[in-house]
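Working notes, beginning with the structure itself.
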Amino acid sequence: MMENEMKSCRNVNENPCNMCMPMGGIIALKGIAGSMVVLHGSQGCSTYMRRHIAEHFNEPVDVGSSSLNEKGTIYGGAKNLEQALDNVRRVYNPHVIGILTTCLAETIGEDVERFADEYKQKNGLQDFPLVTAPTPGYGQSHDEGYWFTAKRILVCLTETAPKHDRLNIVIPHISPADIREIKRILGLMNIEYTLFPDISDTLDRPHERPYTKMTSNGTALADIKTMSGAAATIQMGVTVEDSFSPGKYLKDTFGVPLYRVPLPIGMAGTDQFMETLQEITGQPMPASLAQERGRLLDGMIDSHKYNFQGRGMIFGEPELVYSITKTCLENGLHPVVAATGSRNARLGELLQPSIADGGEKIHILSETDFCHIKNYGEEAGANIAIGHSGGRYLEERAGIPLVRVGFPIHDRVGGQRLLSVGYTGTMLLLDRITNTLLENKHKSYRKKMFEQFYQAAN
Amino acid sequence: MNVGAVEMLESRQDFIATKGKQKNQIKCDADSIAGCVSQRACVYCGARVVLNPVTDAIHLVHGPIGCASYTWDIRGSLSSGSELYRNSFCTDLKEQDVIFGGGKKLTAAIDELVAKYSPSLLFVYSTCIVGVIGDDLDAICKSATSRHGVEVLPVQSSGFIGNKAAGYRAACDTLLQLIEPTKQIWSKKAGSINYLGDFNLAGEAWIIEEYLREIGIELNVVFTGDSTYAKIKTAPQASLNIMQCAGSMNYLATKMEELYEIPYIRVSFLGLEDTADSLRRIAAALDNVSAAAKAELLISREIAKTKPVIDWYRGKFAGKKAAIYVGGGFKAISLIKQFREIGVEVVMVGTQTGRQEEYDTINELVDEGTVILDDANPAELERFMVSKGANLLVGGVKERPLAYKLGIAFIDHNHDRKHPLSGYVGAINFAEEVYSTLCSPVWNSIRKGDD
Ligand code: SF4
């Protein structure tokens, strides 16, 4: 079977690296304060996604479904969806409801936007914030689902507002710990901001008694409304297509200046974020952050020889893959594969200069699966994998150790607590990578040397 | 906690009963109500659960990527041979396939997979949209079968009502199709049995196989834990079917009785009582005196080993109350009995897809005042666990965080568990797991500062 696995199939996805569009939409909506999500389509979809998200965050993830049945499929699902909204409103009393579609609703041609208007009219809810986002599972991956839904939230909720000093910080799907770190950095810089969408509390809640189904945390509705008047938008999303880009929408519609930066991961990545903040606000970097930066530099030097022995396969959501690939490069760890299950042309374009730098080849794979990732990686002598827990397949089948980062992480606890952004987060991420390389080397080097030099000679 | 704050929906009231209070029966086996945050999965999921443990098959999902992604290798079924079943294969339908049909892609996918893996068997699952776009799975699979000389079997799991039970049935239909074509007249192997409804989670089927071997009974094939194409084909030669997990296998057992004259009995290997009882009944059903005698030896030996351990735990659980929310009625019934064995009172029982007769049994088993509910949602689980003072919940992955947030202990009873719960070793594991969560010191920290 081994050599068979080198062939890869064109019409088959073999061990998926991505999820479906509404999944990402749920994550984005969970970052809005007081929100509840209803999936319009099959009951099973919402159960799958809830399980998938709950297992990663270890948090209750309530998502309603319109539970379409055969009848609804033939005559249209408006009645089911209406009932779903009624029930969700009664039990959860949400301040915002997001309606996402699934494959089934899209296949039978449901128009949720029109439905939402009619529902508001009928129930005298003209001012109730209802967000609609058509997210067919077959359309694109969860990554586009996240960005597209984030943009739809702004399209539905942001209004023209007077100018103010706050910054919009638009972030990709990162861990709650990462979000908290970004907020800490902004706090150290004394910057007022609206961070969007903010799952740092909604999907990583402290233990509280009594338990309440809804939390008041997440990006506040009032803040979303006035993101139009912000001094600028910083969008940590360089791989995002324009048509899905929340920052681009704010710029085109309300004239909010847009700064696109990568995630603040790695020295250069974090520097770029810090420089952007300094440029917009005119404030210097605080001394404490400069110290963190110095420590990262010190740590990078400490580890550089170990990292040089690494040959990485990096996979997951495009934005994270881009930033981690750059971080590997800046530390001398050669990324042999940079891959995403999403269809993303930008990732390749952005990494192209790094390849052209004269280094060794990087296989940049878009819309790919683990079968391909494994084949390319093994061929290129990969010895470390970096990405979500789907990569346990690489660990198990190819013996390549996996550094877990991103979403989902189902076979370890603490995915929500993994810190990888900022100077301090980068150091922690780098340590995880370096130590995995060391651990793997120590596991086998005695045996290897023995076989290579002693056994061969005798 | 203000229980009244948890809003209850009127439309859900028929699905909930309190033993001793209501005269009428609980409503079940109905579609989930929209917006009720049902915990149910879909038809495909039900079918996949049943068939996934067939180890040397290619399991190809004809549908969009999400459906495959959420079900990739999430089951803890173990294999003694091929690992092929642990891969996720999917036609990854995209927009143009939905518009123009996915048949061509499916045909090409089958061709590629056959060329690459030369499997003896391919299952092709349909997902919800396949029913709507109208790909003719039967025809495509039939033509692939004759083209490749490999069995390519459709699994008609495209229904989209949130019901796993329909998926169980689709899976059983496919299994019957797999057994059928041999048409070979199987000479019965006297005393050989098939075991239905064990998915070899954490090696559970192996445990039972070993018990049976010890008492001199040969296990022919397990449906479907650690089964293979070749083994399943031999199913008709068995002289008895034993069936656990009635929800998924009832239909298959009845059909096999009709088609191959294999009688069946229900068994359960969860808990000491059920395990002993099942071993005895198997020996009796086979009229095997020697097996009956050996079973007694096995039972008394294992009880001698197990009972003291269980009793020790029992002492620790005095006054504790459990809530149960699981997929099927069979599981719920077994759990009620198991809790009784370890001295834990059951105050709430719910299932996603329990059947009427199972709810009747549950009603008979539980004490007055126990809440019984069908297709519950998180708000109801919360309400009743809190109002009934449950200290422990048994459930699946989605329910775990809710229990923990409420400060309630939790037992994983899903397909992903990594430790066996069957047989005597399973009974000890169960008690140990209950102890590990119910009596954990973390609750002390959490309750610190209370009153
Ligand atoms: S791919 Fe489509 S049908 Fe499958 S889970 Fe996602 S939305 Fe549902």
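Scheme for the structure tokens: letters A, B, ... for chains in order shown; per-chain residue numbers from 1; ligand numbers from 1 in order shown.
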
What are the nearest atom pairs, with distances in Å to one decimal, for all residues of chain B that come at most 9 Å from ligand 1, using only C-alpha atoms and all ligand atoms, set out by chain and rising residue number as CSV?
```
residue,atom,partner,partner_atom_place_in_ligand_line,distance
B:Gly63,CA,ligand 1,4 (Fe),7.1
B:Pro64,CA,ligand 1,1 (S),4.5
B:Ile65,CA,ligand 1,1 (S),5.1
B:Gly66,CA,ligand 1,1 (S),3.6
B:Cys67,CA,ligand 1,4 (Fe),3.7
B:Ala68,CA,ligand 1,4 (Fe),7.3
B:Ser69,CA,ligand 1,5 (S),8.3
B:Tyr70,CA,ligand 1,5 (S),7.3
B:Asp92,CA,ligand 1,1 (S),8.6
B:Leu93,CA,ligand 1,1 (S),8.7
B:Thr127,CA,ligand 1,3 (S),6.8
B:Cys128,CA,ligand 1,3 (S),6.1
B:Ile129,CA,ligand 1,3 (S),6.8
B:Phe160,CA,ligand 1,3 (S),8.9
```

Restricted to N, CA and C atoms, what would the selected residues look like written as a tab-separated table (two decimals), in the first residue's frame?
```
chain	number	residue	atom	x	y	z
B	63	GLY	N	-20.46	13.57	-1.80
B	63	GLY	CA	-21.07	14.79	-1.26
B	63	GLY	C	-20.03	15.87	-1.11
B	64	PRO	N	-20.41	16.97	-0.49
B	64	PRO	CA	-19.46	18.07	-0.27
B	64	PRO	C	-18.49	17.74	0.85
B	65	ILE	N	-17.44	18.52	0.95
B	65	ILE	CA	-16.30	18.13	1.80
B	65	ILE	C	-16.62	18.10	3.29
B	66	GLY	N	-17.48	19.01	3.73
B	66	GLY	CA	-17.73	19.09	5.18
B	66	GLY	C	-18.18	17.76	5.76
B	67	CYS	N	-19.13	17.14	5.08
B	67	CYS	CA	-19.69	15.88	5.58
B	67	CYS	C	-18.58	14.86	5.83
B	68	ALA	N	-17.60	14.84	4.92
B	68	ALA	CA	-16.50	13.89	5.07
B	68	ALA	C	-15.55	14.34	6.16
B	69	SER	N	-15.32	15.64	6.20
B	69	SER	CA	-14.36	16.19	7.14
B	69	SER	C	-14.80	15.92	8.59
B	70	TYR	N	-16.08	16.10	8.86
B	70	TYR	CA	-16.56	15.95	10.23
B	70	TYR	C	-16.66	14.50	10.67
B	92	ASP	N	-16.01	15.41	-2.88
B	92	ASP	CA	-15.79	16.85	-2.71
B	92	ASP	C	-16.60	17.65	-3.74
B	93	LEU	N	-17.90	17.46	-3.74
B	93	LEU	CA	-18.76	18.13	-4.72
B	93	LEU	C	-18.67	19.64	-4.61
B	127	THR	N	-24.97	11.80	0.52
B	127	THR	CA	-25.25	12.80	1.56
B	127	THR	C	-26.49	13.58	1.15
B	128	CYS	N	-26.91	14.51	2.00
B	128	CYS	CA	-28.24	15.11	1.82
B	128	CYS	C	-28.48	15.69	0.44
B	129	ILE	N	-27.50	16.39	-0.13
B	129	ILE	CA	-27.82	17.06	-1.39
B	129	ILE	C	-27.87	16.10	-2.58
B	160	PHE	N	-32.44	13.84	4.93
B	160	PHE	CA	-31.83	14.93	5.69
B	160	PHE	C	-32.53	15.24	6.99
```

Write out as a ChimeraX atom specification the residues lying within 9 Å of A:Ala385, counting only C-alpha atoms and excluding same-chain residues fewer than 4 positions away. /A:311-315,377,391,394-395,400-404

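The two atoms in question, atom CA of A:Ile362 and atom CA of A:Cys20, are spaced 26.6 Å apart.
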
Using only C-alpha atoms, which residues sit within 12 Å of B:Val289 once same-chain residues fewer than 6 positions away are excluded, as a PyMOL selection string? chain B and resi 191+215-217+280-283+295-296

Store the residues of this selection in a file with all heavy atoms, as a PDB file, in the first residue's frame.
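Result written to out_16.pdb:
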```
ATOM      1  N   GLY B 191     -23.300 -24.350  16.004  1.00  0.00           N
ATOM      2  CA  GLY B 191     -22.719 -23.676  17.167  1.00  0.00           C
ATOM      3  C   GLY B 191     -21.953 -22.415  16.868  1.00  0.00           C
ATOM      4  O   GLY B 191     -21.391 -21.796  17.763  1.00  0.00           O
ATOM      5  N   ILE B 215     -15.781 -20.360  26.479  1.00  0.00           N
ATOM      6  CA  ILE B 215     -16.871 -21.313  26.768  1.00  0.00           C
ATOM      7  C   ILE B 215     -17.154 -22.217  25.563  1.00  0.00           C
ATOM      8  O   ILE B 215     -18.144 -22.946  25.524  1.00  0.00           O
ATOM      9  CB  ILE B 215     -18.162 -20.597  27.261  1.00  0.00           C
ATOM     10  CG1 ILE B 215     -18.778 -19.730  26.160  1.00  0.00           C
ATOM     11  CG2 ILE B 215     -17.873 -19.765  28.498  1.00  0.00           C
ATOM     12  CD1 ILE B 215     -20.147 -19.158  26.548  1.00  0.00           C
ATOM     13  N   GLY B 216     -16.266 -22.149  24.580  1.00  0.00           N
ATOM     14  CA  GLY B 216     -16.347 -23.104  23.471  1.00  0.00           C
ATOM     15  C   GLY B 216     -17.318 -22.724  22.367  1.00  0.00           C
ATOM     16  O   GLY B 216     -17.851 -23.587  21.668  1.00  0.00           O
ATOM     17  N   ILE B 217     -17.553 -21.425  22.208  1.00  0.00           N
ATOM     18  CA  ILE B 217     -18.446 -21.006  21.132  1.00  0.00           C
ATOM     19  C   ILE B 217     -17.667 -20.182  20.116  1.00  0.00           C
ATOM     20  O   ILE B 217     -16.909 -19.278  20.465  1.00  0.00           O
ATOM     21  CB  ILE B 217     -19.639 -20.190  21.694  1.00  0.00           C
ATOM     22  CG1 ILE B 217     -20.552 -21.124  22.496  1.00  0.00           C
ATOM     23  CG2 ILE B 217     -20.427 -19.521  20.570  1.00  0.00           C
ATOM     24  CD1 ILE B 217     -21.615 -20.412  23.279  1.00  0.00           C
ATOM     25  N   ARG B 280     -25.199 -16.812  29.577  1.00  0.00           N
ATOM     26  CA  ARG B 280     -26.086 -17.950  29.868  1.00  0.00           C
ATOM     27  C   ARG B 280     -27.103 -18.150  28.758  1.00  0.00           C
ATOM     28  O   ARG B 280     -27.347 -19.271  28.307  1.00  0.00           O
ATOM     29  CB  ARG B 280     -26.839 -17.709  31.186  1.00  0.00           C
ATOM     30  CG  ARG B 280     -25.949 -17.824  32.403  1.00  0.00           C
ATOM     31  CD  ARG B 280     -26.753 -17.721  33.691  1.00  0.00           C
ATOM     32  NE  ARG B 280     -25.852 -17.819  34.824  1.00  0.00           N
ATOM     33  CZ  ARG B 280     -25.661 -16.838  35.717  1.00  0.00           C
ATOM     34  NH1 ARG B 280     -26.347 -15.708  35.635  1.00  0.00           N
ATOM     35  NH2 ARG B 280     -24.807 -17.001  36.712  1.00  0.00           N
ATOM     36  N   ARG B 281     -27.671 -17.058  28.322  1.00  0.00           N
ATOM     37  CA  ARG B 281     -28.709 -17.193  27.304  1.00  0.00           C
ATOM     38  C   ARG B 281     -28.169 -17.649  25.956  1.00  0.00           C
ATOM     39  O   ARG B 281     -28.842 -18.321  25.197  1.00  0.00           O
ATOM     40  CB  ARG B 281     -29.501 -15.890  27.189  1.00  0.00           C
ATOM     41  CG  ARG B 281     -30.422 -15.711  28.412  1.00  0.00           C
ATOM     42  CD  ARG B 281     -31.477 -14.650  28.240  1.00  0.00           C
ATOM     43  NE  ARG B 281     -30.884 -13.348  27.965  1.00  0.00           N
ATOM     44  CZ  ARG B 281     -30.958 -12.743  26.796  1.00  0.00           C
ATOM     45  NH1 ARG B 281     -31.624 -13.274  25.808  1.00  0.00           N
ATOM     46  NH2 ARG B 281     -30.382 -11.589  26.627  1.00  0.00           N
ATOM     47  N   ILE B 282     -26.921 -17.266  25.671  1.00  0.00           N
ATOM     48  CA  ILE B 282     -26.317 -17.729  24.411  1.00  0.00           C
ATOM     49  C   ILE B 282     -26.145 -19.252  24.464  1.00  0.00           C
ATOM     50  O   ILE B 282     -26.510 -19.969  23.527  1.00  0.00           O
ATOM     51  CB  ILE B 282     -24.956 -17.039  24.162  1.00  0.00           C
ATOM     52  CG1 ILE B 282     -25.169 -15.540  23.909  1.00  0.00           C
ATOM     53  CG2 ILE B 282     -24.233 -17.675  22.992  1.00  0.00           C
ATOM     54  CD1 ILE B 282     -23.912 -14.692  23.984  1.00  0.00           C
ATOM     55  N   ALA B 283     -25.597 -19.723  25.573  1.00  0.00           N
ATOM     56  CA  ALA B 283     -25.403 -21.173  25.724  1.00  0.00           C
ATOM     57  C   ALA B 283     -26.744 -21.901  25.623  1.00  0.00           C
ATOM     58  O   ALA B 283     -26.867 -22.932  24.954  1.00  0.00           O
ATOM     59  CB  ALA B 283     -24.726 -21.475  27.061  1.00  0.00           C
ATOM     60  N   ALA B 295     -19.646 -21.434  31.013  1.00  0.00           N
ATOM     61  CA  ALA B 295     -20.050 -20.054  31.259  1.00  0.00           C
ATOM     62  C   ALA B 295     -20.152 -19.798  32.764  1.00  0.00           C
ATOM     63  O   ALA B 295     -19.726 -18.744  33.253  1.00  0.00           O
ATOM     64  CB  ALA B 295     -21.383 -19.756  30.580  1.00  0.00           C
ATOM     65  N   GLU B 296     -20.690 -20.773  33.482  1.00  0.00           N
ATOM     66  CA  GLU B 296     -20.818 -20.600  34.937  1.00  0.00           C
ATOM     67  C   GLU B 296     -19.447 -20.424  35.578  1.00  0.00           C
ATOM     68  O   GLU B 296     -19.261 -19.610  36.476  1.00  0.00           O
ATOM     69  CB  GLU B 296     -21.554 -21.780  35.576  1.00  0.00           C
ATOM     70  CG  GLU B 296     -23.035 -21.867  35.204  1.00  0.00           C
ATOM     71  CD  GLU B 296     -23.794 -20.564  35.404  1.00  0.00           C
ATOM     72  OE1 GLU B 296     -23.487 -19.822  36.368  1.00  0.00           O
ATOM     73  OE2 GLU B 296     -24.681 -20.245  34.575  1.00  0.00           O
TER      74      GLU B 296
END
```

Tell me which protein, DNA and RNA residues are within 7 Å of stretch 414-428 of chain B, counting only C-alpha atoms, leaving out same-chain ones fewer than 4 positions away, and put them as a compact mmCIF listing (two decimals) with C-alpha atoms, in the first residue's frame.
```
# COMPACT_ATOMS: atom_id res chain seq x y z
CA ILE B 74 -13.69 9.92 14.55
CA ARG B 75 -14.68 6.42 15.60
CA GLY B 76 -12.62 4.40 17.99
CA LEU B 201 -14.71 0.39 20.16
CA ALA B 202 -11.51 0.10 22.14
CA GLY B 203 -11.50 -3.63 21.38
CA GLU B 204 -14.89 -4.46 22.90
CA ILE B 207 -13.28 -9.04 24.70
CA ILE B 208 -16.57 -10.76 23.96
CA PHE B 269 -22.43 -7.01 27.68
CA LEU B 270 -22.65 -3.81 29.64
CA GLY B 271 -22.49 -4.40 33.36
CA LEU B 272 -22.04 -7.55 35.44
CA THR B 275 -22.94 -9.91 30.83
CA GLU B 302 -14.88 -12.98 36.90
CA THR B 306 -14.77 -7.86 39.80
CA ILE B 310 -17.22 -2.61 42.13
CA GLY B 396 -21.41 12.66 23.95
CA GLU B 432 -13.43 3.69 37.60
```

Near-A:Lys120 list (12 Å; only C-alpha atoms; drop same-chain fewer than 4 positions) as a list in words: Glu82, Leu85, Asp86, Ile97, Glu113, Arg114, Phe115, Ala116, Gly124, Leu125, Gln126, Asp127, Phe128, Pro129, Leu130 and Val131 of chain A

Restricted to all heavy atoms, what would the selected residues look like written as a compact mmCIF listing (two decimals), in the first residue's frame?
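Okay, this is what ended up in out.txt:
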```
# COMPACT_ATOMS: atom_id res chain seq x y z
N GLU A 82 -38.63 30.08 9.91
CA GLU A 82 -39.39 30.99 10.76
C GLU A 82 -39.54 30.39 12.16
O GLU A 82 -39.30 31.06 13.18
CB GLU A 82 -40.75 31.22 10.13
CG GLU A 82 -41.53 32.31 10.82
CD GLU A 82 -42.87 32.56 10.11
OE1 GLU A 82 -43.01 32.17 8.93
OE2 GLU A 82 -43.74 33.15 10.74
N LEU A 85 -36.27 30.57 14.05
CA LEU A 85 -35.97 31.89 14.61
C LEU A 85 -36.85 32.16 15.83
O LEU A 85 -36.37 32.66 16.85
CB LEU A 85 -36.20 32.97 13.56
CG LEU A 85 -35.21 33.03 12.39
CD1 LEU A 85 -35.44 34.29 11.57
CD2 LEU A 85 -33.77 33.00 12.87
N ASP A 86 -38.13 31.83 15.72
CA ASP A 86 -39.04 32.04 16.86
C ASP A 86 -38.52 31.31 18.10
O ASP A 86 -38.42 31.88 19.19
CB ASP A 86 -40.44 31.48 16.54
CG ASP A 86 -41.18 32.36 15.54
OD1 ASP A 86 -40.71 33.49 15.27
OD2 ASP A 86 -42.22 31.92 15.02
N ILE A 97 -29.04 37.68 15.58
CA ILE A 97 -29.12 36.31 15.07
C ILE A 97 -28.46 36.28 13.70
O ILE A 97 -28.70 37.15 12.86
CB ILE A 97 -30.58 35.82 14.94
CG1 ILE A 97 -31.27 35.82 16.31
CG2 ILE A 97 -30.62 34.40 14.35
CD1 ILE A 97 -32.72 35.37 16.26
N GLU A 113 -31.92 36.25 2.46
CA GLU A 113 -31.94 37.69 2.66
C GLU A 113 -33.39 38.19 2.58
O GLU A 113 -33.85 38.96 3.43
CB GLU A 113 -31.07 38.37 1.61
CG GLU A 113 -30.50 39.65 2.12
CD GLU A 113 -29.52 40.28 1.15
OE1 GLU A 113 -28.88 39.54 0.36
OE2 GLU A 113 -29.40 41.52 1.17
N ARG A 114 -34.10 37.74 1.56
CA ARG A 114 -35.49 38.14 1.42
C ARG A 114 -36.30 37.63 2.61
O ARG A 114 -37.12 38.33 3.18
CB ARG A 114 -36.07 37.60 0.11
CG ARG A 114 -37.23 38.46 -0.39
CD ARG A 114 -37.90 37.87 -1.60
NE ARG A 114 -38.53 36.59 -1.27
CZ ARG A 114 -38.79 35.65 -2.18
NH1 ARG A 114 -38.43 35.81 -3.43
NH2 ARG A 114 -39.36 34.52 -1.81
N PHE A 115 -36.02 36.39 2.97
CA PHE A 115 -36.73 35.82 4.11
C PHE A 115 -36.55 36.70 5.35
O PHE A 115 -37.50 36.99 6.07
CB PHE A 115 -36.23 34.41 4.41
CG PHE A 115 -36.71 33.91 5.73
CD1 PHE A 115 -37.95 33.31 5.86
CD2 PHE A 115 -35.95 34.09 6.89
CE1 PHE A 115 -38.42 32.90 7.09
CE2 PHE A 115 -36.41 33.68 8.13
CZ PHE A 115 -37.65 33.08 8.22
N ALA A 116 -35.30 37.12 5.59
CA ALA A 116 -35.00 37.92 6.79
C ALA A 116 -35.81 39.21 6.79
O ALA A 116 -36.37 39.61 7.81
CB ALA A 116 -33.51 38.21 6.87
N GLY A 124 -42.67 42.72 13.40
CA GLY A 124 -42.41 44.05 13.93
C GLY A 124 -41.01 44.18 14.51
O GLY A 124 -40.79 44.76 15.57
N LEU A 125 -40.04 43.57 13.83
CA LEU A 125 -38.66 43.56 14.35
C LEU A 125 -37.73 44.35 13.44
O LEU A 125 -36.58 43.97 13.25
CB LEU A 125 -38.16 42.12 14.46
CG LEU A 125 -38.84 41.20 15.47
CD1 LEU A 125 -38.42 39.77 15.24
CD2 LEU A 125 -38.49 41.62 16.89
N GLN A 126 -38.26 45.43 12.88
CA GLN A 126 -37.47 46.18 11.89
C GLN A 126 -36.06 46.49 12.36
O GLN A 126 -35.13 46.50 11.59
CB GLN A 126 -38.20 47.49 11.50
CG GLN A 126 -39.21 47.32 10.40
CD GLN A 126 -40.53 46.74 10.91
OE1 GLN A 126 -40.64 46.36 12.07
NE2 GLN A 126 -41.52 46.66 10.04
N ASP A 127 -35.92 46.74 13.65
CA ASP A 127 -34.60 47.14 14.15
C ASP A 127 -33.79 45.97 14.69
O ASP A 127 -32.69 46.15 15.20
CB ASP A 127 -34.76 48.20 15.24
CG ASP A 127 -35.33 49.49 14.67
OD1 ASP A 127 -35.02 49.77 13.50
OD2 ASP A 127 -36.10 50.17 15.38
N PHE A 128 -34.35 44.78 14.62
CA PHE A 128 -33.60 43.64 15.18
C PHE A 128 -32.45 43.28 14.25
O PHE A 128 -32.63 43.09 13.05
CB PHE A 128 -34.53 42.44 15.37
CG PHE A 128 -33.86 41.32 16.12
CD1 PHE A 128 -33.84 41.32 17.51
CD2 PHE A 128 -33.22 40.29 15.44
CE1 PHE A 128 -33.20 40.31 18.21
CE2 PHE A 128 -32.58 39.27 16.14
CZ PHE A 128 -32.58 39.29 17.52
N PRO A 129 -31.25 43.15 14.81
CA PRO A 129 -30.09 42.84 13.97
C PRO A 129 -30.11 41.37 13.51
O PRO A 129 -29.92 40.46 14.31
CB PRO A 129 -28.89 43.08 14.88
CG PRO A 129 -29.43 43.65 16.15
CD PRO A 129 -30.87 43.34 16.22
N LEU A 130 -30.37 41.22 12.25
CA LEU A 130 -30.40 39.89 11.66
C LEU A 130 -29.33 39.86 10.57
O LEU A 130 -29.34 40.71 9.69
CB LEU A 130 -31.79 39.69 11.04
CG LEU A 130 -32.50 38.35 11.10
CD1 LEU A 130 -32.48 37.78 12.50
CD2 LEU A 130 -33.93 38.49 10.61
N VAL A 131 -28.41 38.93 10.67
CA VAL A 131 -27.34 38.84 9.67
C VAL A 131 -27.59 37.62 8.81
O VAL A 131 -27.85 36.54 9.33
CB VAL A 131 -25.97 38.70 10.36
CG1 VAL A 131 -24.86 38.52 9.33
CG2 VAL A 131 -25.68 39.89 11.25
```
